[in-house]
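Student: Quick one, my_file_31.pdb (PDB, C-alpha atoms and all ligand atoms):
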ATOM      1  CA  MET A   1      -3.690   3.764   4.044
ATOM      2  CA  SER A   2      -2.564   7.234   4.843
ATOM      3  CA  GLY A   3      -2.598   9.715   7.665
ATOM      4  CA  ARG A   4      -2.267  12.784   5.473
ATOM      5  CA  SER A   5      -4.545  14.608   3.128
ATOM      6  CA  ALA A   6      -3.661  14.788  -0.568
ATOM      7  CA  GLU A   7      -2.527  18.417  -0.639
ATOM      8  CA  GLU A   8      -0.014  17.826   2.162
ATOM      9  CA  LYS A   9       1.406  14.779   0.431
ATOM     10  CA  GLN A  10       4.437  16.384  -1.197
ATOM     11  CA  THR A  11       5.952  18.291   1.704
ATOM     12  CA  PRO A  12       8.356  16.566   4.081
ATOM     13  CA  ARG A  13       7.511  17.552   7.665
ATOM     14  CA  ALA A  14      11.143  18.448   8.359
ATOM     15  CA  GLY A  15      11.130  20.852   5.397
ATOM     16  CA  GLY A  16      13.612  20.440   2.551
ATOM     17  CA  GLU A  17      13.542  17.761  -0.098
ATOM     18  CA  ARG A  18      13.598  14.525   1.805
ATOM     19  CA  GLY A  19      11.281  12.694   4.161
ATOM     20  CA  MET A  20      12.187  10.998   7.451
ATOM     21  CA  ALA A  21      11.268   7.407   8.292
ATOM     22  CA  ASP A  22      11.721   5.493  11.549
ATOM     23  CA  MET A  23      10.731   1.926  10.689
ATOM     24  CA  HIS A  24      11.621  -0.020  13.849
ATOM     25  CA  LEU A  25       9.378   0.724  16.854
ATOM     26  CA  HIS A  26       8.159  -1.505  19.688
ATOM     27  CA  THR A  27       4.862  -1.126  21.570
ATOM     28  CA  LEU A  28       3.347  -2.751  24.655
ATOM     29  CA  TYR A  29       2.227  -5.584  22.386
ATOM     30  CA  SER A  30       5.834  -6.841  22.606
ATOM     31  CA  ASP A  31       8.557  -5.440  24.886
ATOM     32  CA  GLY A  32       7.976  -1.722  24.350
ATOM     33  CA  THR A  33       6.701   0.508  27.153
ATOM     34  CA  ALA A  34       4.116   2.659  25.327
ATOM     35  CA  GLU A  35       0.586   2.107  24.038
ATOM     36  CA  VAL A  36      -0.004   2.334  20.279
ATOM     37  CA  GLN A  37      -2.161   5.467  20.645
ATOM     38  CA  ALA A  38       0.521   7.190  22.748
ATOM     39  CA  ILE A  39       3.152   6.392  20.101
ATOM     40  CA  LEU A  40       1.048   7.888  17.312
ATOM     41  CA  ASP A  41       0.319  11.008  19.371
ATOM     42  CA  HIS A  42       4.027  11.357  20.196
ATOM     43  CA  VAL A  43       5.082  11.033  16.551
ATOM     44  CA  GLU A  44       2.499  13.644  15.561
ATOM     45  CA  GLN A  45       3.361  16.168  18.278
ATOM     46  CA  HIS A  46       7.058  15.708  18.979
ATOM     47  CA  THR A  47       8.753  14.477  15.793
ATOM     48  CA  GLN A  48       9.053  15.450  12.146
ATOM     49  CA  LEU A  49       8.732  11.882  10.896
ATOM     50  CA  ASP A  50       6.783  11.320   7.684
ATOM     51  CA  LEU A  51       6.646   7.557   8.054
ATOM     52  CA  ILE A  52       6.899   4.997  10.837
ATOM     53  CA  ALA A  53       6.608   1.213  11.114
ATOM     54  CA  ILE A  54       5.429  -0.695  14.171
ATOM     55  CA  THR A  55       7.651  -3.778  14.398
ATOM     56  CA  ASP A  56       6.814  -5.747  17.533
ATOM     57  CA  HIS A  57       8.548  -9.043  18.178
ATOM     58  CA  GLU A  58       6.770 -11.972  16.481
ATOM     59  CA  ARG A  59       3.392 -10.234  16.113
ATOM     60  CA  ILE A  60       1.612  -7.651  13.980
ATOM     61  CA  ASP A  61      -1.581  -6.988  15.955
ATOM     62  CA  GLY A  62      -0.191  -3.771  17.478
ATOM     63  CA  ALA A  63       0.834  -2.582  14.003
ATOM     64  CA  LEU A  64      -2.618  -3.386  12.598
ATOM     65  CA  ARG A  65      -4.157  -1.427  15.472
ATOM     66  CA  ALA A  66      -1.916   1.533  14.581
ATOM     67  CA  ARG A  67      -3.134   1.367  10.992
ATOM     68  CA  GLU A  68      -6.765   1.440  12.134
ATOM     69  CA  LEU A  69      -6.110   4.533  14.248
ATOM     70  CA  ILE A  70      -4.201   6.247  11.429
ATOM     71  CA  ASP A  71      -6.907   5.467   8.882
ATOM     72  CA  ALA A  72      -9.431   7.180  11.154
ATOM     73  CA  GLY A  73      -7.540  10.419  10.351
ATOM     74  CA  GLY A  74      -5.943  13.311  12.161
ATOM     75  CA  PHE A  75      -2.295  12.380  11.650
ATOM     76  CA  HIS A  76       0.293  13.850   9.280
ATOM     77  CA  PHE A  77       2.412  10.739   8.749
ATOM     78  CA  GLU A  78       1.924   7.208   7.449
ATOM     79  CA  VAL A  79       2.206   3.864   9.261
ATOM     80  CA  VAL A  80       3.544   0.642   7.788
ATOM     81  CA  VAL A  81       2.766  -2.764   9.309
ATOM     82  CA  GLY A  82       5.944  -4.589  10.279
ATOM     83  CA  GLU A  83       7.268  -7.356  12.510
ATOM     84  CA  GLU A  84      10.656  -8.049  14.069
ATOM     85  CA  ILE A  85      11.035 -11.746  13.423
ATOM     86  CA  THR A  86      13.493 -13.906  15.345
ATOM     87  CA  THR A  87      14.970 -16.203  12.707
ATOM     88  CA  ARG A  88      17.425 -18.996  13.471
ATOM     89  CA  ARG A  89      20.181 -16.561  12.444
ATOM     90  CA  GLY A  90      18.984 -13.481  14.326
ATOM     91  CA  HIS A  91      16.515 -10.600  14.130
ATOM     92  CA  LEU A  92      14.976  -9.667  10.804
ATOM     93  CA  LEU A  93      12.521  -6.844  10.108
ATOM     94  CA  GLY A  94       9.659  -7.533   7.740
ATOM     95  CA  LEU A  95       8.023  -4.300   6.493
ATOM     96  CA  PHE A  96       4.788  -3.898   4.485
ATOM     97  CA  LEU A  97       3.294  -7.108   5.898
ATOM     98  CA  SER A  98      -0.316  -8.231   5.941
ATOM     99  CA  GLU A  99       0.142 -11.456   7.893
ATOM    100  CA  ARG A 100       2.247 -12.491  10.866
ATOM    101  CA  ILE A 101       5.378 -14.473  10.027
ATOM    102  CA  PRO A 102       6.351 -17.225  12.506
ATOM    103  CA  PRO A 103       9.686 -17.074  14.366
ATOM    104  CA  LEU A 104      12.546 -19.564  14.601
ATOM    105  CA  ARG A 105      12.546 -20.546  10.927
ATOM    106  CA  PRO A 106      15.657 -20.519   8.708
ATOM    107  CA  LEU A 107      16.728 -17.049   7.529
ATOM    108  CA  GLU A 108      16.204 -17.796   3.816
ATOM    109  CA  GLU A 109      12.704 -19.159   4.391
ATOM    110  CA  THR A 110      11.743 -16.116   6.493
ATOM    111  CA  ILE A 111      13.015 -13.663   3.858
ATOM    112  CA  GLU A 112      11.061 -15.565   1.211
ATOM    113  CA  ARG A 113       7.868 -15.399   3.297
ATOM    114  CA  ILE A 114       8.279 -11.623   3.600
ATOM    115  CA  HIS A 115       8.687 -11.328  -0.178
ATOM    116  CA  ASP A 116       5.675 -13.611  -0.770
ATOM    117  CA  GLN A 117       3.556 -10.959   0.986
ATOM    118  CA  GLY A 118       5.089  -8.186  -1.105
ATOM    119  CA  GLY A 119       7.170  -7.058   1.875
ATOM    120  CA  ILE A 120      10.712  -5.806   2.384
ATOM    121  CA  ALA A 121      13.314  -7.744   4.393
ATOM    122  CA  VAL A 122      15.735  -5.720   6.529
ATOM    123  CA  ALA A 123      18.656  -7.014   8.611
ATOM    124  CA  ALA A 124      18.026  -5.486  12.076
ATOM    125  CA  HIS A 125      21.162  -4.380  14.004
ATOM    126  CA  PRO A 126      23.256  -6.974  12.095
ATOM    127  CA  MET A 127      26.474  -8.252  13.673
ATOM    128  CA  ALA A 128      25.481  -6.860  17.098
ATOM    129  CA  PRO A 129      26.884  -9.058  19.858
ATOM    130  CA  LEU A 130      24.353  -8.491  22.667
ATOM    131  CA  THR A 131      21.116  -9.519  20.994
ATOM    132  CA  PRO A 132      20.234 -12.187  18.389
ATOM    133  CA  SER A 133      21.611 -10.571  15.226
ATOM    134  CA  ILE A 134      22.378 -11.798  11.741
ATOM    135  CA  GLY A 135      26.136 -12.293  11.459
ATOM    136  CA  ARG A 136      28.585 -11.488   8.679
ATOM    137  CA  ARG A 137      28.626 -15.002   7.265
ATOM    138  CA  SER A 138      24.835 -15.268   7.060
ATOM    139  CA  LEU A 139      24.584 -11.801   5.467
ATOM    140  CA  LEU A 140      27.026 -12.830   2.749
ATOM    141  CA  ARG A 141      25.403 -16.237   2.298
ATOM    142  CA  VAL A 142      21.889 -14.925   1.610
ATOM    143  CA  GLN A 143      23.146 -12.188  -0.725
ATOM    144  CA  GLN A 144      25.094 -14.778  -2.748
ATOM    145  CA  ASP A 145      22.101 -17.139  -2.921
ATOM    146  CA  THR A 146      21.153 -17.900  -6.537
ATOM    147  CA  ASP A 147      17.468 -17.398  -5.656
ATOM    148  CA  PRO A 148      16.710 -13.639  -5.499
ATOM    149  CA  ALA A 149      13.710 -14.382  -3.240
ATOM    150  CA  HIS A 150      16.315 -15.060  -0.514
ATOM    151  CA  HIS A 151      18.089 -11.705  -0.854
ATOM    152  CA  LEU A 152      17.781  -9.002   1.783
ATOM    153  CA  ASP A 153      16.493  -5.606   0.606
ATOM    154  CA  ALA A 154      18.082  -3.344   3.194
ATOM    155  CA  ILE A 155      20.339  -3.220   6.226
ATOM    156  CA  GLU A 156      20.157  -1.157   9.423
ATOM    157  CA  LEU A 157      23.477   0.666   9.538
ATOM    158  CA  LEU A 158      22.337   2.958  12.307
ATOM    159  CA  ASN A 159      20.440   1.587  15.320
ATOM    160  CA  PRO A 160      21.069   3.734  18.417
ATOM    161  CA  SER A 161      20.495   0.974  21.008
ATOM    162  CA  ALA A 162      23.424  -0.422  23.000
ATOM    163  CA  ALA A 163      23.421  -3.464  20.723
ATOM    164  CA  GLY A 164      23.352  -1.410  17.540
ATOM    165  CA  ARG A 165      26.202   0.856  18.607
ATOM    166  CA  LEU A 166      28.775  -1.923  18.738
ATOM    167  CA  ARG A 167      30.529  -2.924  15.490
ATOM    168  CA  ARG A 168      28.823  -0.163  13.539
ATOM    169  CA  HIS A 169      31.967   0.571  11.523
ATOM    170  CA  HIS A 170      32.414  -3.089  10.527
ATOM    171  CA  ARG A 171      28.801  -3.143   9.444
ATOM    172  CA  SER A 172      29.127  -0.044   7.266
ATOM    173  CA  ARG A 173      32.301  -1.338   5.643
ATOM    174  CA  LEU A 174      30.795  -4.750   4.910
ATOM    175  CA  ASN A 175      27.839  -3.073   3.245
ATOM    176  CA  SER A 176      29.792  -0.594   1.159
ATOM    177  CA  GLU A 177      32.352  -3.189   0.032
ATOM    178  CA  LEU A 178      30.271  -6.340  -0.416
ATOM    179  CA  LEU A 179      26.550  -6.259   0.302
ATOM    180  CA  GLU A 180      25.532  -2.946  -1.323
ATOM    181  CA  LEU A 181      22.108  -2.989   0.337
ATOM    182  CA  ALA A 182      19.937   0.062   0.941
ATOM    183  CA  ALA A 183      21.312   1.654   4.114
ATOM    184  CA  LEU A 184      18.775   2.491   6.821
ATOM    185  CA  GLY A 185      18.686   4.194  10.203
ATOM    186  CA  ASN A 186      16.001   3.217  12.730
ATOM    187  CA  SER A 187      15.531   3.984  16.416
ATOM    188  CA  ASP A 188      14.486   0.492  17.644
ATOM    189  CA  ALA A 189      12.668   2.576  20.273
ATOM    190  CA  HIS A 190      11.077   0.818  23.228
ATOM    191  CA  ALA A 191       9.917   4.097  24.847
ATOM    192  CA  LEU A 192       8.387   7.340  23.580
ATOM    193  CA  GLU A 193      11.496   9.489  23.943
ATOM    194  CA  GLY A 194      13.535   7.078  21.823
ATOM    195  CA  ILE A 195      11.273   7.479  18.791
ATOM    196  CA  GLY A 196      13.033   9.313  15.984
ATOM    197  CA  SER A 197      16.507   8.952  17.559
ATOM    198  CA  GLY A 198      17.413   6.968  14.437
ATOM    199  CA  TRP A 199      15.879   7.600  11.026
ATOM    200  CA  THR A 200      16.283   7.229   7.273
ATOM    201  CA  TRP A 201      16.300  10.138   4.832
ATOM    202  CA  PHE A 202      14.537   9.285   1.580
ATOM    203  CA  PRO A 203      13.351  11.238  -1.476
ATOM    204  CA  GLY A 204       9.630  11.894  -0.960
ATOM    205  CA  VAL A 205       7.338  11.436   2.014
ATOM    206  CA  SER A 206       5.087   8.432   1.435
ATOM    207  CA  ALA A 207       5.396   4.734   2.176
ATOM    208  CA  GLU A 208       5.502   3.999  -1.549
ATOM    209  CA  GLU A 209       8.300   6.536  -2.066
ATOM    210  CA  TYR A 210      10.218   4.889   0.792
ATOM    211  CA  ARG A 211       9.915   1.519  -0.953
ATOM    212  CA  ALA A 212      11.110   3.057  -4.206
ATOM    213  CA  ALA A 213      14.090   4.616  -2.400
ATOM    214  CA  ILE A 214      15.075   1.209  -0.997
ATOM    215  CA  GLU A 215      14.946  -0.272  -4.463
ATOM    216  CA  ALA A 216      16.986   2.609  -5.910
ATOM    217  CA  ARG A 217      19.440   2.548  -2.937
ATOM    218  CA  THR A 218      18.872   6.267  -2.367
ATOM    219  CA  THR A 219      18.259   6.033   1.396
ATOM    220  CA  GLU A 220      20.594   7.565   3.962
ATOM    221  CA  PRO A 221      20.801   6.604   7.659
ATOM    222  CA  ALA A 222      20.956   9.258  10.388
ATOM    223  CA  GLY A 223      20.547   9.451  14.141
ATOM    224  CA  HIS A 224      21.973   9.891  17.619
ATOM    225  CA  TYR A 225      23.294   7.098  19.818
ATOM    226  CA  TRP A 226      21.561   6.722  23.184
ATOM    227  CA  SER A 227      23.389   7.407  26.409
ATOM    228  CA  HIS A 228      24.188   4.604  28.800
ATOM    229  CA  TRP A 229      21.621   6.054  31.231
ATOM    230  CA  HIS A 230      18.910   6.020  28.619
ATOM    231  CA  ASN A 231      19.546   2.302  28.060
ATOM    232  CA  VAL A 232      19.449   1.565  31.798
ATOM    233  CA  SER A 233      16.230   3.523  32.248
ATOM    234  CA  ILE A 234      14.552   1.723  29.330
ATOM    235  CA  TYR A 235      15.570  -1.626  30.735
ATOM    236  CA  GLY A 236      13.955  -0.801  34.096
ATOM    237  CA  ARG A 237      10.728   0.300  32.458
ATOM    238  CA  GLN A 238      10.674  -2.792  30.242
ATOM    239  CA  LEU A 239      10.599  -4.975  33.357
ATOM    240  CA  ILE A 240       7.570  -3.067  34.651
ATOM    241  CA  ALA A 241       5.877  -3.108  31.236
ATOM    242  CA  LYS A 242       6.415  -6.881  31.064
ATOM    243  CA  ALA A 243       3.616  -7.472  33.563
ATOM    244  CA  ARG A 244       1.219  -5.398  31.471
ATOM    245  CA  HIS A 245       2.434  -7.134  28.321
ATOM    246  CA  VAL A 246       1.589 -10.541  29.789
ATOM    247  CA  ARG A 247      -1.947  -9.288  30.462
ATOM    248  CA  HIS A 248      -2.155  -8.060  26.847
ATOM    249  CA  THR A 249      -1.030 -11.427  25.544
ATOM    250  CA  LEU A 250      -3.402 -13.475  27.666
ATOM    251  CA  ARG A 251      -6.425 -11.278  27.090
ATOM    252  CA  PRO A 252      -8.956 -13.214  24.949
ATOM    253  CA  THR A 253      -9.175 -10.419  22.358
ATOM    254  CA  GLY A 254      -5.434  -9.887  22.243
ATOM    255  CA  GLU A 255      -4.521 -13.253  20.734
ATOM    256  CA  TRP A 256      -1.423 -13.566  18.584
ATOM    257  CA  ARG A 257      -1.897 -13.362  14.870
TER     258      ARG A 257
HETATM  259 ZN    ZN B   1      16.207  -6.786  17.550
HETATM  260 ZN    ZN B   2      13.810  -4.159  17.885
END
Take the structure I supplied and represent it as structure tokens, if you would.

Tutor:
Amino acid sequence: MSGRSAEEKQTPRAGGERGMADMHLHTLYSDGTAEVQAILDHVEQHTQLDLIAITDHERIDGALRARELIDAGGFHFEVVVGEEITTRRGHLLGLFLSERIPPLRPLEETIERIHDQGGIAVAAHPMAPLTPSIGRRSLLRVQQDTDPAHHLDAIELLNPSAAGRLRRHHRSRLNSELLELAALGNSDAHALEGIGSGWTWFPGVSAEEYRAAIEARTTEPAGHYWSHWHNVSIYGRQLIAKARHVRHTLRPTGEWR
């Protein structure tokens, strides 16, 4: 459940009043370049994050592995199980999941499946042109749906990847004028040095306090955009990691869940 002991619970690692969460990270289980253990060690030693989520594409086995390692102790942050799900309208983050959600289903159905598990549905890098992203019309459509089970809970307003950088002002304006969703920052990191380059400030430090902040709309996105060279370097390493990822996927014990 938790990587911290009870007496440490109330103190954000960055100091001050608020905790830092980076809830969009990829591992070797999808198209990231780092092992789960290396990510946890990096977060512990080189960041001030209080909370992370592992959100591999279309799978949660890497995130479940992270939870096992965290539960064994020795870390001063919490891990939430997530998945970046490719819906028919673009990428959607499901946070606080216990089961894998299948890709390529309608957006409304996918949001409902996240809520059925008690999870939170987040529009990942919405309106970004270079990667499958939920567009303006779909964002408005689900928020105006008469069934609240189809409503998004939060939106990534800051995602430092090349895709997330484009149209960021349109995205912020759409949210402040029409959607009024909890505003998040996430790194969408595919390599260790990207972790924590985007984050969300929230009152408290724990996963449950993060959830409460989303509900109360008291989150605040923050972060730094990546340089062009960082993006190019990640892309190169992703190609190399691909070969290892295929081995992961085909390994008998590494089956998709
Ligand atoms: Zn994405
Ligand atoms: Zn992603």

Student: Selection in question (the file shown): the PyMOL selection byres (((chain A and resi 13) around 8) and not hetatm). Which residues does it include, as a ChimeraX atom specification?

Tutor: /A:11-12,14-15,19,48-50

Student: Would you kindly translate the PyMOL selection byres (((chain A and resi 25-38) around 9) and not hetatm) into the concrete residues it picks from this file, as a ChimeraX atom specification?

Tutor: /A:22-24,39-43,52-63,65-66,69,84,186-192,195,234,237-242,244-246,248-249,254

Student: Put the listed atoms of stretch 130-138 of chain A in a box along x, y and z with 5 Å added on every side and give me the centre and edge lengths in Å to one decimal, as JSON.

Tutor:
{"center_x": 24.4, "center_y": -11.9, "center_z": 14.9, "size_x": 18.4, "size_y": 16.8, "size_z": 25.6}

Student: Evaluate the PyMOL selection byres (((chain A and resi 74-79) around 7) and not hetatm) on the structure here and hand back the selected residues as a ChimeraX atom specification.

Tutor: /A:2-4,44,49-53,67,70,73,80-81,206-207

Student: Given all atoms listed in the file as the basis, pick out the residue of A:Pro102, A:Gly119, A:Gly236, A:Gly82 nearest to ligand ZN 2 (chain B).

Tutor: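 Among the listed residues, A:Gly82 lies closest to ligand ZN 2 (chain B).
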
Student: Counting only C-alpha atoms, what is within 6 Å of A:Ile134, bar same-chain residues fewer than 2 positions away, as a VMD selection string?

Tutor: chain A and resid 89 to 90 126 to 127

Student: Enumerate, in order of chain and increasing residue number, the residues of stretch 206-240 of chain A with an atom no farther than 10 Å from stretch 160-168 of chain A, each with its shortest atom pair and distance in Å to one decimal, counting all atoms listed in the file, as a Markdown table.

Tutor:
| residue | atom | partner | partner_atom | distance |
| --- | --- | --- | --- | --- |
| A:Ala222 | CA | A:Pro160 | CA | 9.7 |
| A:Gly223 | CA | A:Pro160 | CA | 7.2 |
| A:His224 | CA | A:Pro160 | CA | 6.3 |
| A:Tyr225 | CA | A:Pro160 | CA | 4.3 |
| A:Trp226 | CA | A:Pro160 | CA | 5.6 |
| A:Ser227 | CA | A:Ala162 | CA | 8.5 |
| A:His228 | CA | A:Ala162 | CA | 7.7 |
| A:His230 | CA | A:Ser161 | CA | 9.3 |
| A:Asn231 | CA | A:Ala162 | CA | 6.9 |
| A:Val232 | CA | A:Ala162 | CA | 9.9 |

Student: Any idea what the distance is between atom CA of A:Ala21 and atom CA of A:Gly194?

Tutor: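 Here the two named atoms are 13.7 Å from each other.
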
Student: Could you jot down the atom CA of A:Thr110 to atom CA of A:Thr87 separation for me, Å, one decimal place?

Tutor: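 Computing the Euclidean distance for atom CA of A:Thr110 and atom CA of A:Thr87 yields 7.0 Å.
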
Student: How many Å lie between atom CA of A:Ser197 and atom CA of A:Ala128, rounded to one decimal?

Tutor: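 Here the two named atoms are 18.2 Å from each other.
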
Student: Find, counting all atoms listed in the file, the residue in A:Gly135, A:Leu152, A:Leu130, A:Glu193 that gets nearest to A:Ile114.

Tutor: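 Nearest candidate to A:Ile114 out of A:Gly135, A:Leu152, A:Leu130, A:Glu193: A:Leu152.
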
Student: Just checking: using all atoms listed in the file, which residue out of A:Leu158, A:Leu107, A:Ala216, A:Leu179 ends up closest to A:Ser138?

Tutor: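 Closest candidate: A:Leu107.
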
Student: Counting all atoms listed in the file, which residue out of A:Asp145, A:Glu83, A:Glu108, A:Glu177 sits closest to ligand ZN 2 (chain B)?

Tutor: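 Looking only at the distances to ligand ZN 2 (chain B), the closest residue turns out to be A:Glu83.
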
Student: Determine the nearest neighbour of ligand ZN 2 (chain B) from the options A:Leu93, A:Glu180, A:Glu99, A:Glu215, counting all atoms listed in the file.

Tutor: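 Among the listed residues, the smallest separation from ligand ZN 2 (chain B) belongs to A:Leu93.
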
Student: Restricting the calculation to only C-alpha atoms: of A:Gly185, A:Arg136, A:Arg217, A:Gly204, which residue gets closest to A:Arg171?

Tutor: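 Checking each candidate against A:Arg171, we get A:Arg136 as the closest.
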